[in-house]
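The data block below is coords-v4.txt; it holds compact mmCIF, C-alpha atoms (C1' of nucleotides).
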# COMPACT_ATOMS: atom_id res chain seq x y z
CA MET A 779 -1.17 -6.83 20.39
CA ALA A 780 -4.14 -4.54 20.13
CA LEU A 781 -6.73 -7.17 19.21
CA GLU A 782 -6.75 -8.36 22.82
CA HIS A 783 -7.35 -4.81 23.99
CA ALA A 784 -10.04 -4.15 21.40
CA ILE A 785 -11.82 -7.29 22.64
CA LEU A 786 -11.48 -6.17 26.27
CA VAL A 787 -12.97 -2.76 25.42
CA SER A 788 -15.82 -4.30 23.46
CA LEU A 789 -16.64 -6.82 26.22
CA LEU A 790 -16.50 -4.09 28.87
CA GLU A 791 -18.97 -2.08 26.81
CA LYS A 792 -21.15 -5.19 26.63
CA PRO A 793 -20.44 -8.90 27.28
CA GLY A 794 -21.04 -11.24 24.38
CA SER A 795 -20.07 -14.39 22.47
CA GLY A 796 -17.36 -14.80 19.87
CA TYR A 797 -19.99 -14.65 17.19
CA GLU A 798 -21.41 -11.39 18.54
CA LEU A 799 -17.91 -9.92 18.75
CA ALA A 800 -17.34 -10.86 15.12
CA ARG A 801 -20.53 -8.92 14.26
CA ARG A 802 -19.30 -5.89 16.20
CA PHE A 803 -16.02 -6.04 14.30
CA GLU A 804 -18.08 -5.54 11.16
CA ARG A 805 -19.75 -2.49 12.72
CA SER A 806 -18.74 -0.14 15.53
CA ILE A 807 -15.38 -1.51 16.63
CA GLY A 808 -14.70 -2.43 13.02
CA TYR A 809 -14.57 1.28 12.12
CA PHE A 810 -11.00 1.30 13.38
CA TRP A 811 -10.03 -2.34 13.89
CA THR A 812 -10.80 -5.44 11.86
CA ALA A 813 -10.76 -9.10 12.81
CA THR A 814 -12.21 -12.31 11.45
CA HIS A 815 -14.14 -14.81 13.54
CA GLN A 816 -11.22 -17.28 13.50
CA GLN A 817 -8.91 -14.71 15.00
CA ILE A 818 -11.49 -13.78 17.60
CA TYR A 819 -12.23 -17.37 18.71
CA ARG A 820 -8.52 -18.14 18.98
CA VAL A 821 -7.77 -15.04 21.04
CA LEU A 822 -10.85 -15.50 23.25
CA LYS A 823 -9.68 -19.02 24.08
CA ARG A 824 -6.20 -17.80 24.95
CA MET A 825 -7.49 -14.92 27.05
CA GLU A 826 -9.82 -17.25 28.90
CA GLY A 827 -6.86 -19.53 29.61
CA ASP A 828 -4.92 -16.52 30.92
CA GLY A 829 -7.78 -15.71 33.28
CA MET A 830 -8.58 -12.39 31.64
CA LEU A 831 -12.09 -13.41 30.68
CA ALA A 832 -14.92 -15.30 32.33
CA VAL A 833 -17.19 -17.60 30.30
CA ARG A 834 -20.80 -18.52 30.81
CA GLU A 835 -22.64 -21.14 28.72
CA VAL A 836 -25.95 -19.73 27.58
CA ALA A 837 -28.64 -22.10 26.25
CA GLN A 838 -30.80 -20.58 23.55
CA GLU A 839 -34.04 -21.58 21.82
CA GLY A 840 -34.20 -21.93 18.07
CA ARG A 841 -30.46 -21.36 17.75
CA PRO A 842 -27.24 -23.00 18.95
CA ASP A 843 -26.00 -22.45 22.49
CA LYS A 844 -23.38 -19.77 22.91
CA LYS A 845 -20.52 -18.93 25.25
CA GLU A 846 -20.91 -15.48 26.70
CA TYR A 847 -17.62 -13.87 27.63
CA SER A 848 -17.15 -11.06 30.12
CA VAL A 849 -14.07 -9.30 31.44
CA ALA A 850 -12.54 -10.64 34.67
CA ALA A 851 -10.49 -8.53 37.05
CA PRO A 852 -7.09 -9.45 35.51
CA GLY A 853 -8.41 -8.44 32.08
CA ARG A 854 -9.48 -5.06 33.39
CA ALA A 855 -6.07 -4.62 34.98
CA ALA A 856 -4.31 -5.57 31.74
CA LEU A 857 -6.36 -2.97 29.86
CA ALA A 858 -5.63 -0.29 32.46
CA GLN A 859 -1.93 -1.03 32.22
CA TRP A 860 -1.97 -0.83 28.42
CA LEU A 861 -3.76 2.52 28.57
CA HIS A 862 -0.77 3.93 30.44
CA GLU A 863 1.81 2.60 27.98
CA PRO A 864 2.76 4.63 24.91
CA ILE A 865 1.89 3.09 21.53
CA GLU A 866 3.36 3.71 18.09
CA PRO A 867 1.43 6.25 16.02
CA GLU A 868 -0.32 4.24 13.35
CA SER A 869 0.89 4.04 9.79
CA LEU A 870 -1.20 3.52 6.71
CA ARG A 871 -1.39 0.46 4.51
CA HIS A 872 -3.05 1.89 1.45
CA ASP A 873 -3.03 -0.51 -1.52
CA LEU A 874 -4.90 1.94 -3.71
CA ALA A 875 -2.12 4.52 -3.40
CA VAL A 876 0.36 1.89 -4.59
CA LYS A 877 -1.90 1.25 -7.58
CA ILE A 878 -2.18 4.94 -8.38
CA ARG A 879 1.57 5.40 -8.42
CA GLY A 880 1.92 2.16 -10.35
CA ALA A 881 -0.53 3.39 -12.98
CA ALA A 882 2.27 5.58 -14.38
CA PHE A 883 3.85 2.38 -15.73
CA ASP A 884 0.70 1.07 -17.36
CA ASP A 885 -2.39 2.89 -18.54
CA PRO A 886 -3.55 5.57 -16.06
CA ALA A 887 -7.07 5.26 -17.46
CA ALA A 888 -7.15 1.62 -16.35
CA VAL A 889 -7.40 2.50 -12.67
CA VAL A 890 -10.26 5.02 -13.07
CA GLY A 891 -12.94 2.35 -12.62
CA GLU A 892 -11.20 1.03 -9.52
CA VAL A 893 -10.93 4.50 -7.98
CA GLU A 894 -14.62 5.12 -8.67
CA ARG A 895 -15.51 1.82 -7.05
CA HIS A 896 -13.54 2.73 -3.92
CA ARG A 897 -15.25 6.11 -3.87
CA ARG A 898 -18.64 4.36 -3.81
CA VAL A 899 -17.55 2.11 -0.94
CA HIS A 900 -16.36 5.08 1.10
CA SER A 901 -19.56 7.02 0.36
CA ALA A 902 -21.57 4.06 1.63
CA ARG A 903 -19.44 3.85 4.79
CA LEU A 904 -19.91 7.56 5.40
CA ALA A 905 -23.69 7.25 5.03
CA HIS A 906 -23.62 4.30 7.42
CA TYR A 907 -21.59 6.20 10.01
CA LEU A 908 -23.83 9.27 9.75
CA ALA A 909 -26.92 7.12 10.24
CA GLY A 910 -25.31 5.56 13.32
CA GLU A 911 -24.42 8.97 14.70
CA LEU A 912 -28.00 10.17 14.29
CA ARG A 913 -29.37 7.00 15.87
CA ASP A 914 -27.01 6.83 18.87
CA PHE A 915 -25.76 10.33 19.58
CA THR A 916 -27.37 13.32 17.87
CA GLY A 917 -30.92 12.19 16.99
CA PRO A 918 -34.12 12.65 19.02
CA GLU A 919 -34.01 8.98 20.12
CA ALA A 920 -30.51 9.32 21.57
CA PRO A 921 -30.02 9.67 25.35
CA ALA A 922 -29.80 13.40 26.07
CA PRO A 923 -26.97 13.56 28.62
CA LEU A 924 -24.38 11.18 27.23
CA ASP A 925 -22.16 9.40 29.74
CA THR A 926 -18.36 9.20 29.48
CA GLY A 927 -18.40 5.97 27.50
CA GLN A 928 -20.90 7.35 25.00
CA GLU A 929 -19.01 10.63 24.61
CA LEU A 930 -15.83 8.71 23.83
CA GLN A 931 -17.62 6.38 21.41
CA HIS A 932 -19.01 9.47 19.71
CA VAL A 933 -15.65 11.18 19.32
CA VAL A 934 -14.21 7.98 17.80
CA LEU A 935 -17.15 7.80 15.41
CA ARG A 936 -16.54 11.46 14.46
CA GLY A 937 -13.00 10.34 13.57
CA GLY A 938 -14.42 7.70 11.25
CA ILE A 939 -16.70 10.27 9.66
CA ALA A 940 -13.82 12.72 9.16
CA TYR A 941 -11.71 9.92 7.67
CA GLU A 942 -14.37 8.97 5.13
CA ARG A 943 -15.04 12.59 4.14
CA MET A 944 -11.32 13.20 3.68
CA THR A 945 -10.93 10.01 1.65
CA ILE A 946 -13.85 10.85 -0.65
CA ALA A 947 -12.45 14.34 -1.30
CA TRP A 948 -9.04 12.85 -2.04
CA LEU A 949 -10.48 10.26 -4.43
CA ASP A 950 -12.19 13.13 -6.27
CA ASP A 951 -8.78 14.79 -6.51
CA VAL A 952 -7.33 11.52 -7.85
CA LEU A 953 -10.09 11.20 -10.46
CA ALA A 954 -9.64 14.81 -11.60
CA THR A 955 -5.90 14.22 -11.93
CA LEU A 956 -6.39 10.99 -13.89
CA HIS A 957 -8.86 12.69 -16.24
CA ARG A 958 -6.49 15.58 -16.79
CA LEU A 959 -3.65 13.15 -17.61
CA THR A 960 -5.64 10.93 -19.95
CA ALA A 961 -7.39 13.81 -21.72
CA GLY A 962 -4.13 15.46 -22.78
CA ALA A 963 -2.32 12.30 -23.85
CA PRO A 964 -4.58 9.24 -23.93
CA THR A 965 -2.86 6.01 -22.78
CA SER A 966 0.45 7.81 -22.31
CA HIS A 967 3.30 5.61 -21.24
CA ASP A 968 6.32 7.64 -20.17
CA HIS A 969 9.27 5.33 -20.30
CA MET B 541 0.40 -9.34 -1.26
CA ALA B 542 0.87 -5.64 -1.90
CA LEU B 543 4.44 -5.40 -0.63
CA GLU B 544 5.60 -7.08 -3.83
CA HIS B 545 3.72 -4.52 -5.87
CA ALA B 546 4.94 -1.60 -3.80
CA ILE B 547 8.50 -2.81 -4.43
CA LEU B 548 7.83 -3.16 -8.15
CA VAL B 549 6.49 0.41 -8.33
CA SER B 550 9.41 1.77 -6.35
CA LEU B 551 11.98 -0.06 -8.47
CA LEU B 552 10.28 1.09 -11.68
CA GLU B 553 10.48 4.66 -10.43
CA LYS B 554 14.18 4.06 -9.72
CA PRO B 555 16.26 0.85 -9.39
CA GLY B 556 18.03 0.36 -6.09
CA SER B 557 19.29 -1.98 -3.38
CA GLY B 558 17.38 -3.50 -0.50
CA TYR B 559 18.91 -0.94 1.80
CA GLU B 560 17.82 1.93 -0.45
CA LEU B 561 14.32 0.51 -0.66
CA ALA B 562 14.21 0.35 3.14
CA ARG B 563 15.10 4.08 3.17
CA ARG B 564 12.31 4.83 0.71
CA PHE B 565 9.87 2.94 2.90
CA GLU B 566 10.70 5.47 5.60
CA ARG B 567 9.95 8.32 3.19
CA SER B 568 7.90 8.57 0.01
CA ILE B 569 6.52 5.03 -0.37
CA GLY B 570 6.33 4.83 3.41
CA TYR B 571 3.61 7.51 3.43
CA PHE B 572 1.14 4.77 2.55
CA TRP B 573 2.97 1.47 3.00
CA THR B 574 5.45 0.36 5.65
CA ALA B 575 8.04 -2.41 5.60
CA THR B 576 11.16 -3.27 7.56
CA HIS B 577 14.46 -4.17 5.93
CA GLN B 578 14.08 -7.85 6.88
CA GLN B 579 10.78 -8.06 5.05
CA ILE B 580 12.24 -6.27 2.05
CA TYR B 581 15.34 -8.49 1.78
CA ARG B 582 13.22 -11.63 2.07
CA VAL B 583 10.75 -10.54 -0.59
CA LEU B 584 13.50 -9.29 -2.92
CA LYS B 585 15.16 -12.70 -2.75
CA ARG B 586 11.89 -14.45 -3.54
CA MET B 587 11.05 -12.09 -6.39
CA GLU B 588 14.50 -12.55 -7.86
CA GLY B 589 14.00 -16.32 -7.69
CA ASP B 590 10.66 -15.91 -9.49
CA GLY B 591 12.38 -13.97 -12.27
CA MET B 592 10.52 -10.74 -11.55
CA LEU B 593 13.67 -8.80 -10.74
CA ALA B 594 17.17 -8.55 -12.17
CA VAL B 595 20.18 -8.08 -9.87
CA ARG B 596 23.47 -6.36 -10.51
CA GLU B 597 26.38 -6.42 -8.04
CA VAL B 598 27.69 -2.87 -7.63
CA ALA B 599 31.12 -2.32 -6.06
CA GLN B 600 31.36 0.88 -4.05
CA GLU B 601 34.19 2.86 -2.51
CA GLY B 602 34.19 3.66 1.20
CA ARG B 603 31.12 1.54 1.77
CA PRO B 604 30.06 -2.10 1.33
CA ASP B 605 29.11 -3.45 -2.07
CA LYS B 606 25.42 -3.52 -2.84
CA LYS B 607 23.01 -5.48 -5.00
CA GLU B 608 21.07 -3.20 -7.28
CA TYR B 609 17.68 -4.57 -8.24
CA SER B 610 15.65 -3.58 -11.27
CA VAL B 611 12.34 -4.80 -12.66
CA ALA B 612 12.47 -7.55 -15.31
CA ALA B 613 9.76 -8.09 -17.91
CA PRO B 614 7.79 -10.66 -15.85
CA GLY B 615 7.74 -8.25 -12.92
CA ARG B 616 6.34 -5.54 -15.10
CA ALA B 617 3.70 -7.93 -16.41
CA ALA B 618 2.75 -8.97 -12.87
CA LEU B 619 2.29 -5.33 -11.89
CA ALA B 620 0.18 -4.61 -14.98
CA GLN B 621 -2.02 -7.60 -14.19
CA TRP B 622 -2.47 -6.51 -10.58
CA LEU B 623 -3.45 -3.01 -11.72
CA HIS B 624 -6.38 -4.51 -13.58
CA GLU B 625 -7.59 -6.61 -10.63
CA PRO B 626 -9.97 -5.13 -8.07
CA ILE B 627 -8.63 -4.80 -4.52
CA GLU B 628 -10.42 -4.57 -1.20
CA PRO B 629 -10.96 -1.01 0.01
CA GLU B 630 -8.58 -0.56 2.90
CA SER B 631 -9.64 -0.72 6.51
CA LEU B 632 -8.07 1.08 9.41
CA ARG B 633 -6.05 -0.38 12.26
CA HIS B 634 -6.14 2.47 14.71
CA ASP B 635 -4.79 1.52 18.16
CA LEU B 636 -5.32 5.00 19.51
CA ALA B 637 -9.06 4.80 18.86
CA VAL B 638 -9.17 1.57 20.89
CA LYS B 639 -7.39 3.38 23.71
CA ILE B 640 -9.78 6.30 23.58
CA ARG B 641 -12.83 4.06 23.86
CA GLY B 642 -11.03 2.07 26.53
CA ALA B 643 -10.37 5.22 28.55
CA ALA B 644 -14.03 5.14 29.65
CA PHE B 645 -13.12 2.16 31.85
CA ASP B 646 -10.11 3.80 33.46
CA ASP B 647 -9.23 7.46 33.88
CA PRO B 648 -9.99 9.50 30.72
CA ALA B 649 -7.34 12.03 31.81
CA ALA B 650 -4.69 9.30 31.61
CA VAL B 651 -4.76 9.22 27.80
CA VAL B 652 -4.45 13.00 27.32
CA GLY B 653 -0.65 12.88 27.25
CA GLU B 654 -0.71 10.05 24.74
CA VAL B 655 -3.13 11.90 22.45
CA GLU B 656 -0.94 15.02 22.63
CA ARG B 657 2.11 12.96 21.75
CA HIS B 658 0.36 11.51 18.70
CA ARG B 659 -0.69 15.00 17.70
CA ARG B 660 2.95 16.10 17.72
CA VAL B 661 3.98 13.12 15.59
CA HIS B 662 1.28 13.88 13.02
CA SER B 663 2.20 17.58 12.98
CA ALA B 664 5.80 16.63 12.26
CA ARG B 665 4.68 14.28 9.47
CA LEU B 666 2.55 17.03 7.95
CA ALA B 667 5.48 19.48 8.02
CA HIS B 668 7.66 16.82 6.40
CA TYR B 669 5.14 16.15 3.63
CA LEU B 670 4.64 19.87 2.96
CA ALA B 671 8.40 20.38 2.70
CA GLY B 672 8.58 17.47 0.25
CA GLU B 673 5.75 18.90 -1.80
CA LEU B 674 7.48 22.27 -2.04
CA ARG B 675 10.79 20.64 -2.97
CA ASP B 676 9.49 18.23 -5.59
CA PHE B 677 6.24 19.59 -6.98
CA THR B 678 5.21 23.17 -6.19
CA GLY B 679 8.46 24.99 -5.41
CA PRO B 680 10.67 27.04 -7.79
CA GLU B 681 13.18 24.16 -7.97
CA ALA B 682 10.55 21.66 -9.10
CA PRO B 683 10.32 20.68 -12.80
CA ALA B 684 7.70 22.93 -14.38
CA PRO B 685 5.76 20.50 -16.60
CA LEU B 686 5.38 17.40 -14.47
CA ASP B 687 5.23 14.06 -16.26
CA THR B 688 2.59 11.41 -15.59
CA GLY B 689 4.64 9.67 -12.91
CA GLN B 690 5.28 12.93 -11.06
CA GLU B 691 1.64 13.99 -11.28
CA LEU B 692 0.58 10.68 -9.76
CA GLN B 693 3.24 10.85 -7.04
CA HIS B 694 1.97 14.34 -6.27
CA VAL B 695 -1.67 13.32 -5.96
CA VAL B 696 -0.69 10.50 -3.61
CA LEU B 697 1.35 12.95 -1.53
CA ARG B 698 -1.68 15.27 -1.42
CA GLY B 699 -3.56 12.31 0.03
CA GLY B 700 -0.95 11.98 2.77
CA ILE B 701 -1.20 15.69 3.50
CA ALA B 702 -5.00 15.52 3.67
CA TYR B 703 -4.77 12.51 5.98
CA GLU B 704 -2.42 14.26 8.41
CA ARG B 705 -4.52 17.45 8.44
CA MET B 706 -7.68 15.43 9.10
CA THR B 707 -5.97 13.45 11.85
CA ILE B 708 -4.65 16.57 13.61
CA ALA B 709 -8.11 18.16 13.53
CA TRP B 710 -9.62 14.96 14.92
CA LEU B 711 -7.04 14.73 17.71
CA ASP B 712 -7.95 18.32 18.66
CA ASP B 713 -11.57 17.19 18.83
CA VAL B 714 -10.51 14.26 21.03
CA LEU B 715 -8.54 16.55 23.36
CA ALA B 716 -11.44 18.99 23.66
CA THR B 717 -13.78 16.10 24.46
CA LEU B 718 -11.40 14.67 27.09
CA HIS B 719 -11.01 18.08 28.73
CA ARG B 720 -14.74 18.59 28.80
CA LEU B 721 -15.22 15.17 30.43
CA THR B 722 -12.49 15.55 33.01
CA ALA B 723 -13.34 19.17 33.90
CA GLY B 724 -16.94 18.35 34.83
CA ALA B 725 -16.20 15.19 36.80
CA PRO B 726 -12.48 14.59 37.38
CA THR B 727 -11.41 10.92 37.18
CA SER B 728 -14.97 9.78 36.62
CA HIS B 729 -15.48 6.05 36.43
CA ASP B 730 -18.95 5.21 35.30
CA HIS B 731 -19.27 1.59 36.46
C1' DC C 185 41.92 4.67 20.50
C1' DT C 186 37.62 3.43 21.52
C1' DT C 187 32.86 4.22 20.94
C1' DG C 188 29.03 5.01 18.31
C1' DG C 189 26.73 5.68 13.89
C1' DC C 190 26.04 4.66 8.91
C1' DT C 191 25.89 1.52 4.91
C1' DA C 192 24.76 -3.11 3.66
C1' DT C 193 22.94 -7.84 4.11
C1' DG C 194 21.08 -11.63 6.34
C1' DC C 195 19.17 -15.70 9.78
C1' DA C 196 16.00 -17.57 13.24
C1' DA C 197 12.06 -17.55 16.01
C1' DC C 198 7.85 -16.01 17.00
C1' DG C 199 3.33 -13.84 16.77
C1' DA C 200 -0.37 -11.88 13.83
C1' DG C 201 -3.51 -12.49 10.17
C1' DT C 202 -5.71 -15.05 6.16
C1' DT C 203 -7.91 -18.87 3.75
C1' DG C 204 -10.05 -23.11 3.34
C1' DC C 205 -12.61 -26.36 5.39
C1' DA C 206 -15.90 -28.72 8.79
C1' DT C 207 -19.88 -29.31 11.83
C1' DA C 208 -24.73 -28.66 13.08
C1' DG C 209 -29.46 -27.25 14.05
C1' DA C 210 -33.19 -23.96 12.64
C1' DA C 211 -35.68 -21.02 9.38
C1' DG C 212 -37.38 -19.73 4.98
C1' DG C 213 -37.98 -19.68 0.07
C1' DA C 214 -38.16 -22.04 -4.72
C1' DT D 1241 -37.92 -31.35 -1.01
C1' DC D 1242 -33.87 -29.22 -1.60
C1' DC D 1243 -31.11 -25.21 -1.33
C1' DT D 1244 -29.58 -21.35 0.89
C1' DT D 1245 -28.91 -18.37 4.82
C1' DC D 1246 -28.20 -17.48 9.67
C1' DT D 1247 -26.40 -18.59 14.21
C1' DA D 1248 -22.47 -20.62 16.48
C1' DT D 1249 -17.90 -22.71 17.05
C1' DG D 1250 -13.69 -24.56 15.69
C1' DC D 1251 -9.13 -26.93 13.29
C1' DA D 1252 -5.19 -26.84 10.11
C1' DA D 1253 -2.11 -24.83 7.06
C1' DC D 1254 -0.16 -21.11 5.36
C1' DT D 1255 1.66 -16.38 4.60
C1' DC D 1256 2.73 -11.90 6.49
C1' DG D 1257 5.01 -9.05 9.75
C1' DT D 1258 7.92 -8.12 13.91
C1' DT D 1259 11.86 -8.62 17.01
C1' DG D 1260 16.27 -9.90 18.27
C1' DC D 1261 20.56 -10.90 16.84
C1' DA D 1262 24.85 -11.16 13.81
C1' DT D 1263 28.42 -9.64 10.62
C1' DA D 1264 31.53 -6.25 8.65
C1' DG D 1265 33.97 -2.27 6.89
C1' DC D 1266 34.17 2.75 7.00
C1' DC D 1267 33.94 7.34 9.19
C1' DA D 1268 33.78 10.94 12.70
C1' DA D 1269 33.74 12.57 17.44
C1' DG D 1270 35.45 12.54 21.96

Could you take the file, read its structure, and then write that structure out as structure tokens?
Amino acid sequence: MALEHAILVSLLEKPGSGYELARRFERSIGYFWTATHQQIYRVLKRMEGDGMLAVREVAQEGRPDKKEYSVAAPGRAALAQWLHEPIEPESLRHDLAVKIRGAAFDDPAAVVGEVERHRRVHSARLAHYLAGELRDFTGPEAPAPLDTGQELQHVVLRGGIAYERMTIAWLDDVLATLHRLTAGAPTSHDH
Amino acid sequence: MALEHAILVSLLEKPGSGYELARRFERSIGYFWTATHQQIYRVLKRMEGDGMLAVREVAQEGRPDKKEYSVAAPGRAALAQWLHEPIEPESLRHDLAVKIRGAAFDDPAAVVGEVERHRRVHSARLAHYLAGELRDFTGPEAPAPLDTGQELQHVVLRGGIAYERMTIAWLDDVLATLHRLTAGAPTSHDH
DNA sequence: CTTGGCTATGCAACGAGTTGCATAGAAGGA
DNA sequence: TCCTTCTATGCAACTCGTTGCATAGCCAAG
């Protein structure tokens, strides 16, 4: 279960509440792992019960109190152990590719709008990642000699950037292919 | 649930048994969607019950009988409807990226072997995809004028090829970064 | 002749992930 | 004033996905 480990990494980088973790899973950590707040609260509770995390009640003004979690020694040990275990190379779950192949059995032109919409989403993500890179790693405001943690965060972010660039180029390829197919024989059904 | 739709697309491309579908999910369809045979059998049974699929018992010689599934009219309609609905742009689940960020809290050198192993797996996948492309789409044995279905299968395969190339290049970036970090300060823990 | 691998299907149990709903105080706009 | 949004946490029900196990006939290698 990698959600536990993603939470350990995020809390080692900076302690925080379930709510704050949920925010991070929409940003930095969320570039390569997603989780909803329900999942996070449930797992935090279990990990606290297992002694992997320590909790501290923090009273706040103008907003509800929060529980700030931080990594306890057993949690750090569990992460270290996981780092030394091999994991399965990831595999994709790409709904859009299913749709594109499925379009052969309906109207290929019908998925053009959907592909364009996905292209816009990926363009926005790329812009967001590039802005983050400039802010945290390559801009004038960024700390000049990056430490190990920052270097590793940067190389992971570069992976996200490469992924989005690749995806955008591929979606352009898909759009060109769809246009070629629908120009020659509009609404062609081959069955 | 996209597994249903992936099965519909695969069965429209060619009818087959649960076992054959499981094979395909290790090859072509598996480039962008994974499923185990248990999942497939369970979903096939449900879809048959819903009237989306038709079954035909096929007796075989030298091997067990099989149930050959094909798409019935309601299944085709369900796929067509899904093609017209918007879907969420996919998000990654990348364990290795969690490990890489986590390596800052242990020994960065400890993940080098793991990253190299993943690089080998992705290189093998790329070689496999390229061989498939040559066999089915760009080689002398491939059908010269591709039909709509083949064109769309090809563009999806090109996506898989682009993904593997991007991933290999990124893993090289990761390895270079890890070497840089461990050369300067071997087994550096910054906490 | 026994062992292991391939085709072929399936059950049972569990863990992971999603969806809907609920609470509750504070801030800010219509 | 009411409505919405934000912070903050959580339960309950459900579906999806994984893992382990079981059956069973055929084939090939040792």

- request: Using all atoms listed in the file, collect all residues at a distance of at most 12 Å from (-1.5, -20.3, 3.1) as written in the file, then present them as a ChimeraX atom specification.
  value: /B:541 /C:201-204 /D:1252-1256

- request: Measuring atom to atom with only C-alpha atoms (C1' of nucleotides), identify which of A:Val836, A:Ala940, A:Ala961, A:Ile946 is nearest to chain D.
  value: A:Val836

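Between C1' of DT193 (chain C) and CA of Pro604 (chain B) there is a distance of 9.6 Å.
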
message: Please find the residues of chain B near chain A - the criterion being any atom within 8 Å, counting only C-alpha atoms - and write them as a ChimeraX atom specification.
response: /B:542,545-546,549,552,571-574,619-620,623-624,626-627,629-646,650-651,654,658,661,687-689,691-693,695-696,698-699,702-703,706-707,710,713-714,717,721,728,730

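From CA of Gly796 (chain A) back to C1' of DT1247 (chain D), the distance works out to 11.3 Å.
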
Residues of chain A within 10 Å of chain D, counting only C-alpha atoms (C1' of nucleotides), as a JSON list (two decimals) with C-alpha atoms, keeping the file's coordinate frame:
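result.json was written with the following content:
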[["chain", "number", "residue", "atom", "x", "y", "z"],
["A", 795, "SER", "CA", -20.07, -14.39, 22.47],
["A", 796, "GLY", "CA", -17.36, -14.80, 19.87],
["A", 797, "TYR", "CA", -19.99, -14.65, 17.19],
["A", 798, "GLU", "CA", -21.41, -11.39, 18.54],
["A", 815, "HIS", "CA", -14.14, -14.81, 13.54],
["A", 816, "GLN", "CA", -11.22, -17.28, 13.50],
["A", 819, "TYR", "CA", -12.23, -17.37, 18.71],
["A", 820, "ARG", "CA", -8.52, -18.14, 18.98],
["A", 840, "GLY", "CA", -34.20, -21.93, 18.07],
["A", 841, "ARG", "CA", -30.46, -21.36, 17.75],
["A", 842, "PRO", "CA", -27.24, -23.00, 18.95],
["A", 843, "ASP", "CA", -26.00, -22.45, 22.49],
["A", 844, "LYS", "CA", -23.38, -19.77, 22.91],
["A", 845, "LYS", "CA", -20.52, -18.93, 25.25]]

What are the residues of chain C that have an atom within 10 Å of an atom of chain A, counting all atoms listed in the file, as an mmCIF file with C-alpha atoms (C1' of nucleotides), in the frame of the given file?
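Okay, iface_35.cif is ready:
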data_model
loop_
_atom_site.group_PDB
_atom_site.id
_atom_site.type_symbol
_atom_site.label_atom_id
_atom_site.label_comp_id
_atom_site.auth_asym_id
_atom_site.auth_seq_id
_atom_site.Cartn_x
_atom_site.Cartn_y
_atom_site.Cartn_z
ATOM 1 C "C1'" DG C 199 3.330 -13.840 16.770
ATOM 2 C "C1'" DA C 200 -0.370 -11.880 13.830
ATOM 3 C "C1'" DG C 201 -3.510 -12.490 10.170
ATOM 4 C "C1'" DT C 202 -5.710 -15.050 6.160
ATOM 5 C "C1'" DA C 208 -24.730 -28.660 13.080
ATOM 6 C "C1'" DG C 209 -29.460 -27.250 14.050
ATOM 7 C "C1'" DA C 210 -33.190 -23.960 12.640
ATOM 8 C "C1'" DA C 211 -35.680 -21.020 9.380
#

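Here CA of Arg801 (chain A) stands at a distance of 15.7 Å from CA of Tyr907 (chain A).
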
Would you give the centre and edge lengths, in Å to one decimal, of a box along x, y and z around the listed atoms of region 1243-1262 of chain D, with 4 Å added to each side, as AutoDock Vina command-line options?
--center_x -3.1 --center_y -17.5 --center_z 8.5 --size_x 64.0 --size_y 26.8 --size_z 27.6
